[in-house]
Each structure stands twice: as structure tokens, then as C-alpha cells.
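Peer 1: Sharing a structure here in C-alpha cells format.
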Amino acid sequence: MKREMLTGNAAAAWGVRLVEVDYVPVYPITPQTEIIETLAGWISDGMMDTRFVTMDSEHSMITAAGAASATGARAFTATSSQGLLYGFEMIYTVAGWRVPLVMVNVSRGLSSPITLEPDHNDILAIRDSGFLQIHCETCQEVLDSIILAYRLAEDERVLLPVMVNMDGFYLSFTREPVEIPNLEEVREFLPPYRPKHAFFMASQPMAQGVAVLGGPAYSYFKYQMHLASLKALEVYGEICAEFEREFRRGYGPVEGYMLEDAEYALVMAGSFSTLGKKAVKRARDKGIRAGLLKLRLLRPFPEADLRKALEGKKAVAVLDQNISVGKGGILYSEVASCLCNSKKRPVLLSFIGGLGGKNISPHEFEFLFEKMIEAFEEGTSSGTHLLYTEKEWEEMSLLKRTAENEGKA
Amino acid sequence: MLAGILSEGTELDENVKLALSVFLAVAPLDIKTVEAPPEASPVIIVPFEPAQISSPTINALGNSPLRMTGNWRVFRPVWNREVCTKCMACLARCPDGCISLDEEGFPCVDYENCKGCLICVRACPAEGIEKVREAQVL
Ligand code: SF4
Ligand code: SF4
């Protein structure tokens, strides 16, 4: 084991190197490219025994990675934002093949308007595909999650692809101290992939076809994916316990921060949770019994853990770093659905923040906690609130005026 | 290519006429609905089955050579041995690998699988491949 200062992207590359992948088809996109550049460097220097292929698009790239997975190879690829959307068709297709492909998505807001900074609309677009989703807060979590992801995906009870998500810029380009495990330890934790249901032998060329079927068969296969995804929750628990024994770092499907005795709980995902934890700490200093629940697994959705952690709280605010246009926060709906039948249901509030990488200031968190207390006192809350400051509004007004003047000129 | 087909005006008209006559041959009819007794089968809870059973994949020996796709063709490529220089450009370009060489080194095509894309026609530097319409509908 060694400790190094790594960006999120470099940490991802290290994870991929340690699991000794066979095949990496790639296509560049900001802010993901550093991952494949790092891997390309290692492969050309002979430090990885991996086949690296540059593709013509993300659509071909995901097809190639999934097909390699179907032959029994351990495959990896990475993308972001528009790239993920460009390959979207194959995301559903590969998931349906029941192959253990692991991908990294470096979150970046979707066009239009175009931006490079993160929010989670890209990764949440594939929410219903069958890919499992692990959301990371730190660079260490990125490296560890990739190792965990292969173990989870390759488990015979699961056999679904996994997407490991990190936020562009905030994590992808931020260097943090990261422990890099020894190769031997990783090999012990993650044995070679020996599939029984999908394989390829050069001596016996096979064609893999996917059946075209009517309703009952289609329902059966789709529902089995759902059951396998739910099964992954149980498997994830086992694997994480083993990971913790081996590497001394543990990752539950959800992570609580000052949550147990909290009266007001904030729900977040991804690297912005760090800001949320800081805000919780400040609220505690002011005497508010605040806490935070970070969602690490978004698919399968850890309903039972969530219910156990949030039932009986006075109020729960979901801070979505995404927007379902015409509805509001996506995770809010998901959290609400697992609490709505609870007898000890807290008042639920919906906030949206950090869209396109917008910062969330201490004041915005203070506002959020005030609203939680108000909602508890009133016993209700309604609507979605965008976290946006007066200063940001003024800057935006200036931009609009500039645009108007430009238009006249 | 499409222009080649469409420019043959009378043929197009004949086809449209034929299609229309088939479409109009179906006389309007009254539809009677009959109440069917609902199927009595209890709703069950579908159990989990591992991917080895529940993945919708069929693995079989490759069978594409058994699948004759030559009947997709509108035009067939026809080689002119008088002009052919045996350069093999057509053989290299055929996206379906349908072209092989005969004993004399001339290209010969597997018409059972040739899709008539006519890439070989374009590829031939000697203009030694002609396109010939497969069938005429009249
Ligand atoms: S027409 Fe197309 S498929 Fe047929 S021989 Fe020529 S290149 Fe091959
Ligand atoms: S490209 Fe033309 S000249 Fe060359 S081998 Fe084919 S038919 Fe003959």
C-alpha cells in the first residue's frame, strides 16, 4: 500500500489498473479524458497488460465494452454527460445482456445551455436502465468503488453492469491523498472473472443473439433484472464487510453524518455532500440538531436503510443536484416514495442546488435548515425550492443586460 | 442508385397501380365483438432466478453463412473478364466478403450472399464491373 496525491480521474485509473482489466475501448470527453489518458500511458509503457482501442463514438465504445464483457473479458470504459447520452441506446442493451461491465461517469451538466461543470442529470438519465450506480464523494471512494463494482457486477447472483459516478472538476480534477492498495490484496479480494453464462473460446466461435419475444417473456426478463438489482443490495452488504476487513475502509449503501440523534436530516449525493457535512456541523454549533444522509448506492435504491435512518425525524430535506424539468428534484420523489407509507413519516422538503456546478454557500444551507424547522412547525411543506442567492441573481441580471445591449449593437 | 430506380417512370407507375389494386381489393366489413370469458389463472409472485437462467441470450455456433442474404439485391454486379486486371480492389472492398478468386485469379462472387451494395463497382479502377437489374416488375 502507498499513499499518493491523486485527482479523482487518476484514482479511477488506479482502480482500473488494480483490477487488471483485459479490454478498454475509449472515446474522449471533458472532464473524463484524464482517466483514459492515464490508462493509455500505462498500457503503452507496459505497466498494464490490457488491450486499448480508440473508438469512433461513445455508441460504439459502449457496444464494444459490453460485447467484450459478454465474451468473458473484464472490460472498462468511461464517459461523461453528452457522451453518455450519445451511447444511451447501448446502456439499456448492455444491461439486458446481464454482463458485468464497469464504467465510470464523470458527471457534467447536460446541454443546452452547454457547460462543463457537474450536476447529476447525466447519470440519472440512465437510472432505469439496469446499470447499478455508485456515487462517490472523495477520490479514495472512487478508487475503492471501482474494485467493489467489479466484485459486485461479477457476482453470479447479480451480473448487471455498474456505473461509478464522480462529479466533474470538483472531484475529477481535485487532488486528494489516496491510499493505493497492493495488487496482491486486490487479487485476493477480486478473483479472475470466470463466467458460466457468457463466454467465448477461440476454438469454438459462437454467435450471441438476444431473443425477440412477446409480452410474458419480455416481462420475465425485465423483472429478473429488477430482482437481480435488489439482490445486489444484499450482495453489496457482504462484499463491503469483506472489503472493510481487507482494506480497513467501509462503505455502506448510505452514509450517515451526525445522523443518529439528528432531528433535521439533509439528504445528498456526490462530492457536494462535503459542503453539506460542513453545514451540518455549523448548524449543530448553533444548536440545531442537524444530520446528513449521503446516498452512495442509487441503483439499487437502498430503501430499507433509508427508511431506517430517516423515520421519526422531524423533517427531511432532499437536496437534488439535478432537475426533472416539470417535476423537480429526482431524488426527492424517490426518498418520498419510500417514506410515504411510514407511520413515523417526517415532513419532507425538496431543494435543488449545485446545478451546472453552481456553488452552494453556507447561507443557502442556513436557509435550508430554517425552512426545515418552519416546515416541521407548520406540519407541511410544498413545492421545490432552487437554492440561488441575491448576488447570483444580480450577476445574472448584469449578463442579461449585456446580452440585450449586444443584441441592439 | 435510387435515382436509377425512380427514373424508370413507367415501371414506378405500374408498381403503384398494382399496390393500389391490392389495397382496394379489401372490401369494408362490419366488425362484430364477442365477449371472451376471462382466462382464470391466479396472479403469482415471480421468484428471483440467477442470470445463468434469466439472461435473454442465445449462444449458438455462428450461423451467418447459412443465412442467404443475396435476395436483398436490386442490382447485381457482373464482372467483365475482358477488362479485369486481377488487381483485387473489388475483393478488398466488398463489405460482406463475398468475393473470392477462382483458379485463374479472377474475382468471382457468391451471389447467395452478395447484397448488391455495388461498392465493388465503384472500387474497380478498370470499370470492369457492370450493374445489372435483378428483376423487372411489369
Ligand atoms: S455488390 Fe457489394 S456485396 Fe456484392 S460483391 Fe459487390 S461489394 Fe460485395
Ligand atoms: S477491381 Fe476490377 S480490375 Fe480489380 S480485380 Fe476487381 S474486377 Fe478486376
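Going through the C-alpha cells in order, the chains are called A, B, and so on, while each chain numbers its residues from 1 and the ligands are numbered from 1 in the order shown.
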What's around Pro125 in chain B at 12 Å? Count only C-alpha atoms, leave out sequence neighbours fewer than 3 positions away in its own chain, and write the answer as a PyMOL selection string.

Peer 2: chain B and resi 83-90+119-122+128-129

Peer 1: What would the file look like if the residues just selected were written as a PDB file, in the first residue's frame with N, CA, C and O atoms?

Peer 2:
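Full text of part-v5.pdb as output:
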```pdb
ATOM      1  N   VAL B  83     -11.809  -6.995 -69.285  1.00  0.00           N
ATOM      2  CA  VAL B  83     -11.218  -5.741 -68.801  1.00  0.00           C
ATOM      3  C   VAL B  83     -10.441  -5.956 -67.493  1.00  0.00           C
ATOM      4  O   VAL B  83      -9.507  -5.230 -67.184  1.00  0.00           O
ATOM      5  N   CYS B  84     -10.864  -6.941 -66.715  1.00  0.00           N
ATOM      6  CA  CYS B  84     -10.319  -7.145 -65.366  1.00  0.00           C
ATOM      7  C   CYS B  84      -8.803  -7.363 -65.386  1.00  0.00           C
ATOM      8  O   CYS B  84      -8.295  -8.152 -66.186  1.00  0.00           O
ATOM      9  N   THR B  85      -8.098  -6.649 -64.507  1.00  0.00           N
ATOM     10  CA  THR B  85      -6.638  -6.768 -64.423  1.00  0.00           C
ATOM     11  C   THR B  85      -6.214  -7.612 -63.231  1.00  0.00           C
ATOM     12  O   THR B  85      -5.039  -7.646 -62.884  1.00  0.00           O
ATOM     13  N   LYS B  86      -7.161  -8.212 -62.536  1.00  0.00           N
ATOM     14  CA  LYS B  86      -6.904  -9.038 -61.334  1.00  0.00           C
ATOM     15  C   LYS B  86      -6.228  -8.237 -60.207  1.00  0.00           C
ATOM     16  O   LYS B  86      -5.431  -8.773 -59.461  1.00  0.00           O
ATOM     17  N   CYS B  87      -6.574  -6.944 -60.118  1.00  0.00           N
ATOM     18  CA  CYS B  87      -5.926  -6.106 -59.091  1.00  0.00           C
ATOM     19  C   CYS B  87      -6.462  -6.400 -57.689  1.00  0.00           C
ATOM     20  O   CYS B  87      -5.849  -6.040 -56.707  1.00  0.00           O
ATOM     21  N   MET B  88      -7.597  -7.003 -57.584  1.00  0.00           N
ATOM     22  CA  MET B  88      -8.217  -7.417 -56.311  1.00  0.00           C
ATOM     23  C   MET B  88      -8.796  -6.267 -55.479  1.00  0.00           C
ATOM     24  O   MET B  88      -9.123  -6.449 -54.312  1.00  0.00           O
ATOM     25  N   ALA B  89      -8.924  -5.088 -56.083  1.00  0.00           N
ATOM     26  CA  ALA B  89      -9.517  -3.963 -55.350  1.00  0.00           C
ATOM     27  C   ALA B  89     -10.957  -4.292 -54.950  1.00  0.00           C
ATOM     28  O   ALA B  89     -11.392  -4.007 -53.831  1.00  0.00           O
ATOM     29  N   CYS B  90     -11.690  -4.930 -55.820  1.00  0.00           N
ATOM     30  CA  CYS B  90     -13.091  -5.253 -55.505  1.00  0.00           C
ATOM     31  C   CYS B  90     -13.155  -6.239 -54.348  1.00  0.00           C
ATOM     32  O   CYS B  90     -13.952  -6.076 -53.410  1.00  0.00           O
ATOM     33  N   ILE B 119     -20.466  -1.532 -54.086  1.00  0.00           N
ATOM     34  CA  ILE B 119     -19.197  -0.912 -53.698  1.00  0.00           C
ATOM     35  C   ILE B 119     -18.089  -1.422 -54.635  1.00  0.00           C
ATOM     36  O   ILE B 119     -17.208  -0.675 -55.036  1.00  0.00           O
ATOM     37  N   CYS B 120     -18.184  -2.673 -55.016  1.00  0.00           N
ATOM     38  CA  CYS B 120     -17.182  -3.236 -55.922  1.00  0.00           C
ATOM     39  C   CYS B 120     -17.180  -2.506 -57.261  1.00  0.00           C
ATOM     40  O   CYS B 120     -16.130  -2.251 -57.840  1.00  0.00           O
ATOM     41  N   VAL B 121     -18.364  -2.119 -57.714  1.00  0.00           N
ATOM     42  CA  VAL B 121     -18.477  -1.417 -58.991  1.00  0.00           C
ATOM     43  C   VAL B 121     -17.695  -0.110 -58.931  1.00  0.00           C
ATOM     44  O   VAL B 121     -16.928   0.230 -59.828  1.00  0.00           O
ATOM     45  N   ARG B 122     -17.899   0.614 -57.809  1.00  0.00           N
ATOM     46  CA  ARG B 122     -17.199   1.881 -57.609  1.00  0.00           C
ATOM     47  C   ARG B 122     -15.695   1.664 -57.450  1.00  0.00           C
ATOM     48  O   ARG B 122     -14.894   2.488 -57.840  1.00  0.00           O
ATOM     49  N   GLY B 128     -14.531  -2.528 -64.705  1.00  0.00           N
ATOM     50  CA  GLY B 128     -14.773  -3.872 -65.229  1.00  0.00           C
ATOM     51  C   GLY B 128     -15.974  -4.566 -64.608  1.00  0.00           C
ATOM     52  O   GLY B 128     -16.190  -5.753 -64.848  1.00  0.00           O
ATOM     53  N   ILE B 129     -16.729  -3.852 -63.798  1.00  0.00           N
ATOM     54  CA  ILE B 129     -17.898  -4.475 -63.180  1.00  0.00           C
ATOM     55  C   ILE B 129     -19.137  -3.665 -63.567  1.00  0.00           C
ATOM     56  O   ILE B 129     -19.168  -2.447 -63.424  1.00  0.00           O
TER      57      ILE B 129
END
```

Peer 1: Using only C-alpha atoms and all ligand atoms, which protein or nucleic acid residues are at most 12 Å from ligand 1, as an MDAnalysis selection string?

Peer 2: chainID B and resid 69:79 88:100 107:124 128:134

Peer 1: Wanna dump the chain B-chain A contacts at 8 Å for me, each residue with its shortest atom pair and the distance in Å to one decimal, counting only C-alpha atoms, ordered by chain and number, as JSON lines?

Peer 2:
```
{"residue": "B:Phe48", "atom": "CA", "partner": "A:Leu227", "partner_atom": "CA", "distance": 5.8}
{"residue": "B:Glu49", "atom": "CA", "partner": "A:Gln224", "partner_atom": "CA", "distance": 6.7}
{"residue": "B:Pro50", "atom": "CA", "partner": "A:Arg157", "partner_atom": "CA", "distance": 5.5}
{"residue": "B:Ala51", "atom": "CA", "partner": "A:Leu159", "partner_atom": "CA", "distance": 6.4}
{"residue": "B:Gln52", "atom": "CA", "partner": "A:His197", "partner_atom": "CA", "distance": 5.0}
{"residue": "B:Ser54", "atom": "CA", "partner": "A:Phe221", "partner_atom": "CA", "distance": 6.2}
{"residue": "B:Ser55", "atom": "CA", "partner": "A:Arg98", "partner_atom": "CA", "distance": 6.0}
{"residue": "B:Pro56", "atom": "CA", "partner": "A:Val210", "partner_atom": "CA", "distance": 5.7}
{"residue": "B:Thr57", "atom": "CA", "partner": "A:Val210", "partner_atom": "CA", "distance": 4.6}
{"residue": "B:Ile58", "atom": "CA", "partner": "A:Gly209", "partner_atom": "CA", "distance": 5.1}
{"residue": "B:Asn59", "atom": "CA", "partner": "A:Gln208", "partner_atom": "CA", "distance": 4.6}
{"residue": "B:Ala60", "atom": "CA", "partner": "A:Met206", "partner_atom": "CA", "distance": 5.4}
{"residue": "B:Leu61", "atom": "CA", "partner": "A:Met206", "partner_atom": "CA", "distance": 4.5}
{"residue": "B:Gly62", "atom": "CA", "partner": "A:Ala207", "partner_atom": "CA", "distance": 4.7}
{"residue": "B:Asn63", "atom": "CA", "partner": "A:Ala207", "partner_atom": "CA", "distance": 7.5}
```

Peer 1: If you count only C-alpha atoms, which residues fall within 9 Å of Glu34 in chain A, apart from same-chain ones fewer than 2 positions away, as a count of residues only?

Peer 2: 13

Peer 1: Could you pull out the alpha helix (DSSP H) residues of range 205-408 of chain A, going by DSSP on the backbone, and write them as a ChimeraX atom specification?

Peer 2: /A:215-247,273-285,303-310,330-339,362-378,390-408

Peer 1: Return the single residue from B:Asn15, B:Thr10, B:Thr33, B:Asn80 that is closest to ligand 2, with distances computed using only C-alpha atoms and all ligand atoms.

Peer 2: B:Asn80

Peer 1: Pick out the residues sitting within 10 Å of Arg282 in chain A, and hand them over as a PyMOL selection string; count only C-alpha atoms, and ignore anything fewer than 6 positions along from it in its own chain.

Peer 2: chain A and resi 276+288+290+362+365-366

Peer 1: Using all heavy atoms, can you write the selected residues to a file as an mmCIF file, in the first residue's frame?

Peer 2:
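Heads up, here's the output in result.cif:
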```cif
data_model
loop_
_atom_site.group_PDB
_atom_site.id
_atom_site.type_symbol
_atom_site.label_atom_id
_atom_site.label_comp_id
_atom_site.auth_asym_id
_atom_site.auth_seq_id
_atom_site.Cartn_x
_atom_site.Cartn_y
_atom_site.Cartn_z
ATOM 1 N N GLY A 276 -22.321 19.851 2.482
ATOM 2 C CA GLY A 276 -23.468 19.581 3.344
ATOM 3 C C GLY A 276 -23.024 19.206 4.759
ATOM 4 O O GLY A 276 -23.617 19.661 5.748
ATOM 5 N N ILE A 288 -28.886 23.560 16.363
ATOM 6 C CA ILE A 288 -29.874 22.811 15.573
ATOM 7 C C ILE A 288 -29.412 21.365 15.483
ATOM 8 O O ILE A 288 -28.272 21.106 15.097
ATOM 9 C CB ILE A 288 -30.016 23.391 14.148
ATOM 10 C CG1 ILE A 288 -30.439 24.862 14.218
ATOM 11 C CG2 ILE A 288 -31.025 22.589 13.320
ATOM 12 C CD1 ILE A 288 -30.341 25.602 12.899
ATOM 13 N N ALA A 290 -28.932 18.901 13.552
ATOM 14 C CA ALA A 290 -28.919 18.569 12.123
ATOM 15 C C ALA A 290 -28.092 17.315 11.873
ATOM 16 O O ALA A 290 -27.260 16.931 12.694
ATOM 17 C CB ALA A 290 -28.340 19.738 11.337
ATOM 18 N N PRO A 362 -22.681 28.730 2.478
ATOM 19 C CA PRO A 362 -23.181 28.483 3.842
ATOM 20 C C PRO A 362 -24.563 29.096 4.067
ATOM 21 O O PRO A 362 -25.409 28.495 4.724
ATOM 22 C CB PRO A 362 -22.126 29.148 4.719
ATOM 23 C CG PRO A 362 -20.872 29.111 3.906
ATOM 24 C CD PRO A 362 -21.303 29.252 2.481
ATOM 25 N N PHE A 365 -27.353 26.880 2.839
ATOM 26 C CA PHE A 365 -27.627 25.761 3.751
ATOM 27 C C PHE A 365 -28.394 26.244 4.983
ATOM 28 O O PHE A 365 -29.303 25.579 5.468
ATOM 29 C CB PHE A 365 -26.322 25.080 4.174
ATOM 30 C CG PHE A 365 -25.772 24.127 3.138
ATOM 31 C CD1 PHE A 365 -24.665 24.464 2.379
ATOM 32 C CD2 PHE A 365 -26.379 22.893 2.918
ATOM 33 C CE1 PHE A 365 -24.159 23.593 1.429
ATOM 34 C CE2 PHE A 365 -25.884 22.009 1.967
ATOM 35 C CZ PHE A 365 -24.766 22.361 1.213
ATOM 36 N N GLU A 366 -28.018 27.445 5.476
ATOM 37 C CA GLU A 366 -28.731 28.005 6.649
ATOM 38 C C GLU A 366 -30.212 28.183 6.327
ATOM 39 O O GLU A 366 -31.083 27.837 7.119
ATOM 40 C CB GLU A 366 -28.140 29.376 7.012
ATOM 41 C CG GLU A 366 -27.011 29.283 8.027
ATOM 42 C CD GLU A 366 -26.263 30.597 8.122
ATOM 43 O OE1 GLU A 366 -26.912 31.672 8.041
ATOM 44 O OE2 GLU A 366 -25.023 30.536 8.271
#
```

Peer 1: What gap, in Å, lies between CA of Leu297 in chain A and CA of Tyr23 in chain A?

Peer 2: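 About the pair CA of Leu297 in chain A and CA of Tyr23 in chain A: they are 25.8 Å apart.
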
Peer 1: Quick one: residues within 12 Å of Leu292 in chain A, only C-alpha atoms counted, chain neighbours fewer than 3 positions away excluded, as a PyMOL selection string?

Peer 2: chain A and resi 254-269+272-281+283-284+289+295+306+309-310+313+315-319+365+369

Peer 1: Let me see the file: selected residues, N, CA and C atoms, as a compact mmCIF listing (two decimals), in the first residue's frame.

Peer 2:
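Resulting contents of result.txt:
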```
# COMPACT_ATOMS: atom_id res chain seq x y z
N VAL A 254 -25.71 3.65 2.22
CA VAL A 254 -25.91 5.06 2.59
C VAL A 254 -24.90 5.37 3.69
N GLU A 255 -24.56 6.65 3.83
CA GLU A 255 -23.63 7.02 4.90
C GLU A 255 -24.29 8.10 5.74
N GLY A 256 -24.29 7.90 7.05
CA GLY A 256 -24.87 8.90 7.93
C GLY A 256 -23.79 9.79 8.52
N TYR A 257 -24.07 11.08 8.60
CA TYR A 257 -23.14 12.02 9.25
C TYR A 257 -23.92 12.77 10.32
N MET A 258 -23.55 12.55 11.58
CA MET A 258 -24.25 13.14 12.73
C MET A 258 -25.76 12.87 12.62
N LEU A 259 -26.07 11.72 12.07
CA LEU A 259 -27.46 11.47 11.69
C LEU A 259 -28.29 10.84 12.80
N GLU A 260 -27.63 9.98 13.61
CA GLU A 260 -28.41 9.15 14.51
C GLU A 260 -29.34 9.94 15.44
N ASP A 261 -28.80 10.97 16.10
CA ASP A 261 -29.64 11.73 17.04
C ASP A 261 -30.18 13.00 16.40
N ALA A 262 -30.06 13.08 15.07
CA ALA A 262 -30.49 14.32 14.41
C ALA A 262 -32.02 14.41 14.36
N GLU A 263 -32.51 15.66 14.41
CA GLU A 263 -33.96 15.89 14.23
C GLU A 263 -34.25 16.34 12.81
N TYR A 264 -33.24 17.00 12.21
CA TYR A 264 -33.40 17.53 10.85
C TYR A 264 -32.34 16.91 9.95
N ALA A 265 -32.79 16.16 8.99
CA ALA A 265 -31.84 15.44 8.15
C ALA A 265 -31.83 15.97 6.72
N LEU A 266 -30.61 16.11 6.21
CA LEU A 266 -30.40 16.57 4.85
C LEU A 266 -29.95 15.36 4.03
N VAL A 267 -30.55 15.15 2.86
CA VAL A 267 -30.16 14.02 2.00
C VAL A 267 -29.44 14.56 0.77
N MET A 268 -28.22 14.04 0.53
CA MET A 268 -27.45 14.49 -0.64
C MET A 268 -26.72 13.30 -1.27
N ALA A 269 -26.12 13.54 -2.45
CA ALA A 269 -25.28 12.52 -3.09
C ALA A 269 -24.10 13.22 -3.75
N PHE A 272 -20.65 17.14 -3.42
CA PHE A 272 -21.20 18.29 -2.71
C PHE A 272 -21.65 17.93 -1.29
N SER A 273 -21.73 16.61 -1.00
CA SER A 273 -22.06 16.19 0.37
C SER A 273 -21.05 16.74 1.36
N THR A 274 -19.82 16.95 0.91
CA THR A 274 -18.80 17.51 1.79
C THR A 274 -19.24 18.89 2.28
N LEU A 275 -19.82 19.70 1.37
CA LEU A 275 -20.34 21.01 1.76
C LEU A 275 -21.48 20.85 2.75
N GLY A 276 -22.32 19.85 2.48
CA GLY A 276 -23.47 19.58 3.34
C GLY A 276 -23.02 19.21 4.76
N LYS A 277 -21.99 18.38 4.85
CA LYS A 277 -21.49 17.95 6.17
C LYS A 277 -20.98 19.15 6.96
N LYS A 278 -20.27 20.04 6.27
CA LYS A 278 -19.76 21.27 6.90
C LYS A 278 -20.93 22.09 7.44
N ALA A 279 -21.99 22.19 6.63
CA ALA A 279 -23.16 22.97 7.01
C ALA A 279 -23.86 22.35 8.22
N VAL A 280 -23.89 21.01 8.25
CA VAL A 280 -24.50 20.31 9.38
C VAL A 280 -23.72 20.64 10.66
N LYS A 281 -22.41 20.64 10.54
CA LYS A 281 -21.54 20.93 11.68
C LYS A 281 -21.84 22.34 12.20
N ALA A 283 -24.58 24.07 11.79
CA ALA A 283 -25.93 24.11 12.36
C ALA A 283 -25.91 23.54 13.77
N ARG A 284 -25.17 22.47 13.96
CA ARG A 284 -25.03 21.88 15.31
C ARG A 284 -24.46 22.90 16.28
N ARG A 289 -30.30 20.42 15.84
CA ARG A 289 -29.90 19.01 15.78
C ARG A 289 -29.97 18.53 14.33
N LEU A 295 -26.37 9.40 -0.03
CA LEU A 295 -26.73 8.21 -0.82
C LEU A 295 -25.51 7.80 -1.63
N LEU A 306 -32.64 3.60 4.10
CA LEU A 306 -33.11 4.98 4.10
C LEU A 306 -34.25 5.16 5.10
N ALA A 309 -33.05 4.99 8.62
CA ALA A 309 -32.27 6.17 9.04
C ALA A 309 -33.13 7.42 9.16
N LEU A 310 -34.23 7.50 8.41
CA LEU A 310 -34.96 8.78 8.36
C LEU A 310 -36.31 8.79 9.09
N LYS A 313 -37.63 11.34 12.13
CA LYS A 313 -37.01 12.67 12.12
C LYS A 313 -38.13 13.71 12.06
N ALA A 315 -37.93 16.61 10.28
CA ALA A 315 -38.04 16.99 8.86
C ALA A 315 -36.85 16.44 8.09
N VAL A 316 -37.10 16.13 6.83
CA VAL A 316 -36.04 15.64 5.94
C VAL A 316 -36.06 16.51 4.68
N ALA A 317 -34.89 17.08 4.36
CA ALA A 317 -34.80 17.88 3.13
C ALA A 317 -33.92 17.14 2.14
N VAL A 318 -34.44 16.94 0.94
CA VAL A 318 -33.63 16.31 -0.11
C VAL A 318 -33.06 17.42 -0.98
N LEU A 319 -31.73 17.47 -1.06
CA LEU A 319 -31.07 18.48 -1.87
C LEU A 319 -30.60 17.81 -3.17
N PHE A 365 -27.35 26.88 2.84
CA PHE A 365 -27.63 25.76 3.75
C PHE A 365 -28.39 26.24 4.98
N PHE A 369 -31.98 24.87 6.44
CA PHE A 369 -32.30 24.39 7.80
C PHE A 369 -33.45 25.20 8.41
```

Peer 1: What's around Pro25 in chain A at 9 Å? Count only C-alpha atoms, leave out sequence neighbours fewer than 5 positions away in its own chain, and write the answer as a PyMOL selection string.

Peer 2: chain A and resi 51-55+60-62+64-65+75-78
